[in-house]
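Peer 1: Structure incoming, see below.
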Amino acid sequence: MTNTKLSNSSPPTSTVGRSKPVTLPTEPERSLWQDDNVSVHYGDSLAQYSSWPAPKVIVSDGAYGVLGFEGDTSDHLDLPRWYEPHIEQWGLSATPSTTLWFWNSEIGWAAVHPVLELHGWRYVNCNIWNKGKRHIAGNVNTRKIRRFPVVTEVCVQYVREARLQGMTLKRWLLSEWKRTGLTLRRANEACEVKDAAVRKYLDQGHLWYFPPTEAFAKLADYANTHGRVEGRPYFSADGARPMTAAEWSKMRSEFNCPHGVTNVWDRGPLRAPERVTANGSRRAVHLNQKPLDLMDQIIRASSSEGDVVWEPFGGLFSACVAARAAGRRAFSSEIDSTYFQYGTARLSAGTQAQLF
Ligand SMILES: C[S@@+](CC[C@H](N)C(=O)[O-])C[C@H]1O[C@@H](n2cnc3c(N)ncnc32)[C@H](O)[C@@H]1O
């Protein structure tokens, strides 16, 4: 794909949403709700990104191409255009340690994937939320249906591809070592290993490993002590001093893999009491409310306490609720008045289900 934006020449297909389960007649009293850990805005997230601190995690759960909310498109073909302005902005605020979790249907993700790649997001893994047969129980007429019933969504992990002086980290490490004038073999001596430094950290193929912080510090130290004097500093991002181990650790995303978790998440559809319903009825307020345990899992896997989580398409702010409970700071926007009011009431009430 060439490095050009998607054309805006033809208007998107119908964006008239299906009727919402619940609509509140009132407008929100305030356009900003916040506490110590969460700030959520009423309005278009595109207007907010530049005011939010750089994200460690972005949890995107926007359009699915199913007319799921006012403004969703009617099929996947228009999703790339729907997402592109957001994806472009995320790329401007992201750092090399940012992880993006992109929720969607399989075909929705497939349609948007090239746009994500185009704006510097690198695919890591596709996780499948398997809602199981309970999701379709009693709702399928097997004589009429023309495909197997769908009970899945995907949550796809992307990271940024860090670059230093225009090079990937893999190329930059080798290029810095070569600048020192030292033989490759001496990288092993620097790291006090038999052959692992050359084999792993200076490799230019698929066997390349990101040097752990201690190994990076040893390489940088050795190079700046023994490398050609004229070329110093080596392993420097600013040309003035070598990068510290702490700075190096931020050159890639965080991932803490929990035990026993695979990329297939068997987890039934949301039910009461977690499912937010309109007071006195069993009607779900939002058709796309996500499970808090899955939000918790992805947030904890890719961030630490105090880190910043963005939820660009708030809905009932499930990522914010989970982020706050995990000690992260969360920022979100919701464009729909009813969802904003239910979502902020949910944030005020904890995870309580019955709100209005
Ligand atoms: C799929 S839902 C998110 C559901 C949410 N993850 C939850 O668990 O409640 C997408 C939401 O994004 C909102 N939305 C769509 N475009 C938006 C925009 N540009 N800015 C802010 N919110 C937007 C929609 O109104 C909808 O509520």
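Convention: chains lettered A, B, ... in structure tokens order; per-chain residue numbering from 1; ligands numbered from 1 as shown.
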Collect all residues with atoms no farther than 7 Å from ligand 1, counting only C-alpha atoms and all ligand atoms, and output them as a compact mmCIF listing (two decimals) with N, CA and C atoms, in the first residue's frame.
Peer 2:
# COMPACT_ATOMS: atom_id res chain seq x y z
N GLY A 43 -18.42 14.25 24.05
CA GLY A 43 -18.10 14.82 22.74
C GLY A 43 -17.18 13.90 21.96
N ASP A 44 -16.70 14.45 20.86
CA ASP A 44 -15.88 13.69 19.91
C ASP A 44 -14.46 13.54 20.45
N SER A 45 -13.97 12.32 20.54
CA SER A 45 -12.62 12.11 21.06
C SER A 45 -11.56 12.80 20.20
N LEU A 46 -11.86 13.01 18.92
CA LEU A 46 -10.88 13.67 18.06
C LEU A 46 -10.51 15.05 18.60
N ASP A 61 -12.50 0.55 20.99
CA ASP A 61 -13.70 -0.26 20.78
C ASP A 61 -14.72 0.65 20.11
N GLY A 62 -14.48 0.93 18.83
CA GLY A 62 -15.31 1.90 18.12
C GLY A 62 -16.28 1.24 17.16
N ALA A 63 -16.31 1.75 15.92
CA ALA A 63 -17.29 1.27 14.94
C ALA A 63 -17.00 -0.18 14.53
N PHE A 69 -24.29 1.88 16.69
CA PHE A 69 -24.59 3.11 17.44
C PHE A 69 -24.68 4.21 16.40
N GLU A 70 -25.21 5.35 16.82
CA GLU A 70 -25.33 6.51 15.93
C GLU A 70 -23.96 6.86 15.37
N GLY A 71 -23.77 6.76 14.08
CA GLY A 71 -22.46 7.08 13.53
C GLY A 71 -21.68 5.86 13.09
N ASP A 72 -22.06 4.67 13.55
CA ASP A 72 -21.40 3.45 13.05
C ASP A 72 -21.77 3.31 11.57
N HIS A 286 -26.38 -0.48 26.68
CA HIS A 286 -25.44 -0.40 25.55
C HIS A 286 -25.23 -1.80 25.00
N ASN A 288 -22.94 -2.91 23.19
CA ASN A 288 -21.55 -3.35 23.02
C ASN A 288 -20.72 -3.22 24.28
N GLN A 289 -21.36 -3.24 25.42
CA GLN A 289 -20.60 -3.16 26.68
C GLN A 289 -19.63 -4.34 26.79
N LYS A 290 -18.38 -4.05 27.12
CA LYS A 290 -17.35 -5.09 27.19
C LYS A 290 -17.17 -5.60 28.63
N PRO A 291 -16.76 -6.88 28.76
CA PRO A 291 -16.54 -7.43 30.10
C PRO A 291 -15.35 -6.77 30.80
N PRO A 312 -10.73 5.70 23.52
CA PRO A 312 -11.24 6.74 22.61
C PRO A 312 -12.76 6.69 22.40
N PHE A 313 -13.35 5.51 22.50
CA PHE A 313 -14.79 5.38 22.24
C PHE A 313 -15.44 4.81 23.50
N GLY A 314 -15.83 5.73 24.39
CA GLY A 314 -16.14 5.35 25.76
C GLY A 314 -17.29 4.38 25.96
N GLY A 315 -18.44 4.60 25.28
CA GLY A 315 -19.61 3.79 25.61
C GLY A 315 -19.90 3.96 27.09
N LEU A 316 -19.90 2.87 27.82
CA LEU A 316 -20.12 2.93 29.27
C LEU A 316 -18.80 2.93 30.03
N PHE A 317 -17.73 3.23 29.32
CA PHE A 317 -16.39 3.44 29.91
C PHE A 317 -15.84 2.19 30.62
N SER A 318 -16.02 1.04 30.01
CA SER A 318 -15.54 -0.20 30.66
C SER A 318 -14.03 -0.19 30.86
N ALA A 319 -13.27 0.31 29.87
CA ALA A 319 -11.81 0.33 30.03
C ALA A 319 -11.42 1.28 31.16
N SER A 333 -13.69 9.65 25.93
CA SER A 333 -14.73 10.54 25.41
C SER A 333 -15.90 9.68 24.96
N GLU A 334 -17.08 10.22 25.09
CA GLU A 334 -18.27 9.54 24.53
C GLU A 334 -19.13 10.59 23.88
N ILE A 335 -19.52 10.31 22.65
CA ILE A 335 -20.20 11.32 21.83
C ILE A 335 -21.71 11.30 22.02
N ASP A 336 -22.22 10.22 22.58
CA ASP A 336 -23.67 10.06 22.71
C ASP A 336 -24.12 10.47 24.12
N TYR A 339 -25.37 7.51 26.50
CA TYR A 339 -24.27 6.65 26.96
C TYR A 339 -23.37 7.40 27.93
Peer 1: Mind dumping a table of every segment 134-186 of chain A residue within 9 Å of segment 218-233 of chain A, with the nearest atom pair and its distance in Å to one decimal, using only C-alpha atoms, sorted by chain and rising number, as a Markdown table?
Peer 2:
| residue | atom | partner | partner_atom | distance |
| --- | --- | --- | --- | --- |
| A:Glu176 | CA | A:Ala223 | CA | 8.7 |
| A:Trp177 | CA | A:Ala223 | CA | 7.2 |
| A:Arg179 | CA | A:Gly231 | CA | 6.8 |
| A:Thr180 | CA | A:Gly227 | CA | 4.3 |
| A:Gly181 | CA | A:Arg228 | CA | 6.2 |
| A:Leu182 | CA | A:Gly227 | CA | 6.3 |
| A:Arg186 | CA | A:Tyr222 | CA | 9.0 |
Peer 1: Given the choices A:Asp195, A:Arg324, A:Gln297, A:Val156, which gets closest to His259 of chain A if the distance is worked out from only C-alpha atoms?
Peer 2: A:Gln297
Peer 1: Name all residues at most 8 Å from segment 115-125 of chain A (count only C-alpha atoms; drop same-chain ones fewer than 5 positions away) and give them as a ChimeraX atom specification.
Peer 2: /A:1,3,80,84,87-88,91,156-161,263
Peer 1: Excluding Pro211 of chain A and its own-chain neighbours fewer than 4 positions away, which residues fall within 12 Å of it when counting only C-alpha atoms? Please give them as a count of residues only.
Peer 2: 25
Peer 1: Pick out the residues sitting within 12 Å of Cys257 of chain A, and hand them over as a ChimeraX atom specification; count only C-alpha atoms, and ignore anything fewer than 6 positions along from it in its own chain.
Peer 2: /A:263,297-303
Peer 1: Give the strand (DSSP E) residues of segment 6-232 of chain A, as DSSP finds them on the backbone, and put them as a ChimeraX atom specification.
Peer 2: /A:32-34,38-42,57-60,99-104,121-130,152-160,163-164,167-168
Peer 1: Tell me, which residues of segment 113-348 of chain A carry DSSP helix (DSSP H, G or I), written as JSON, numbers by chain?
Peer 2: {"A": [113, 114, 115, 116, 117, 118, 133, 134, 135, 169, 170, 171, 172, 173, 174, 175, 176, 177, 178, 179, 185, 186, 187, 188, 189, 190, 191, 196, 197, 198, 199, 200, 201, 213, 214, 215, 216, 217, 218, 219, 220, 221, 222, 223, 224, 225, 226, 229, 230, 231, 245, 246, 247, 248, 249, 292, 293, 294, 295, 296, 297, 298, 299, 300, 301, 302, 318, 319, 320, 321, 322, 323, 324, 325, 337, 338, 339, 340, 341, 342, 343, 344, 345, 346, 347, 348]}
Peer 1: Excluding Lys250 of chain A and residues on its chain fewer than 5 positions from it, collect all residues at most 10 Å away from it, counting only C-alpha atoms, and give them as a list in words.
Peer 2: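 Answer for this query is Thr95, Pro96, Ser97, Thr98, Ala162, Thr213 and Ala245 of chain A.
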Peer 1: Store the residues picked out above, limited to N, CA and C atoms, as a short mmCIF file (atom, residue, chain, number, x, y, z; two decimals), in the first residue's frame.
Peer 2:
data_model
loop_
_atom_site.label_atom_id
_atom_site.label_comp_id
_atom_site.auth_asym_id
_atom_site.auth_seq_id
_atom_site.Cartn_x
_atom_site.Cartn_y
_atom_site.Cartn_z
N THR A 95 4.04 6.50 22.12
CA THR A 95 5.50 6.43 22.29
C THR A 95 5.90 4.99 21.93
N PRO A 96 7.22 4.70 21.90
CA PRO A 96 7.61 3.31 21.60
C PRO A 96 7.09 2.31 22.62
N SER A 97 6.63 2.79 23.79
CA SER A 97 6.13 1.81 24.77
C SER A 97 4.61 1.68 24.77
N THR A 98 3.95 2.28 23.79
CA THR A 98 2.48 2.21 23.75
C THR A 98 1.98 0.91 23.10
N ALA A 162 9.62 1.17 17.13
CA ALA A 162 10.51 2.26 17.53
C ALA A 162 11.62 2.44 16.49
N THR A 213 17.67 -4.55 29.73
CA THR A 213 18.30 -3.28 30.13
C THR A 213 19.75 -3.47 30.59
N ALA A 245 19.86 2.92 30.93
CA ALA A 245 19.11 1.66 30.89
C ALA A 245 17.60 1.93 31.00
#
Peer 1: Quick one: of A:Ser175, A:Thr262, A:Asn141, A:Asn127, who's nearest to Tyr234 of chain A, counting only C-alpha atoms?
Peer 2: A:Ser175
Peer 1: Ranking A:Ser348, A:Thr338, A:Ser50, A:Asn139 by minimum distance to Thr23 of chain A and counting only C-alpha atoms, which one comes first?
Peer 2: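 Result for the nearest residue to Thr23 of chain A: A:Thr338.
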Peer 1: Between atom CA of Ala246 of chain A and atom CA of Val321 of chain A, what is the distance in Å, rounded to a tenth?
Peer 2: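 About the pair atom CA of Ala246 of chain A and atom CA of Val321 of chain A: they are 29.6 Å apart.
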Peer 1: Can you pull out every residue within 7 Å of Thr152 of chain A, counting only C-alpha atoms, but drop anything in the same chain fewer than 4 positions away, and send it as a ChimeraX atom specification?
Peer 2: /A:128-131
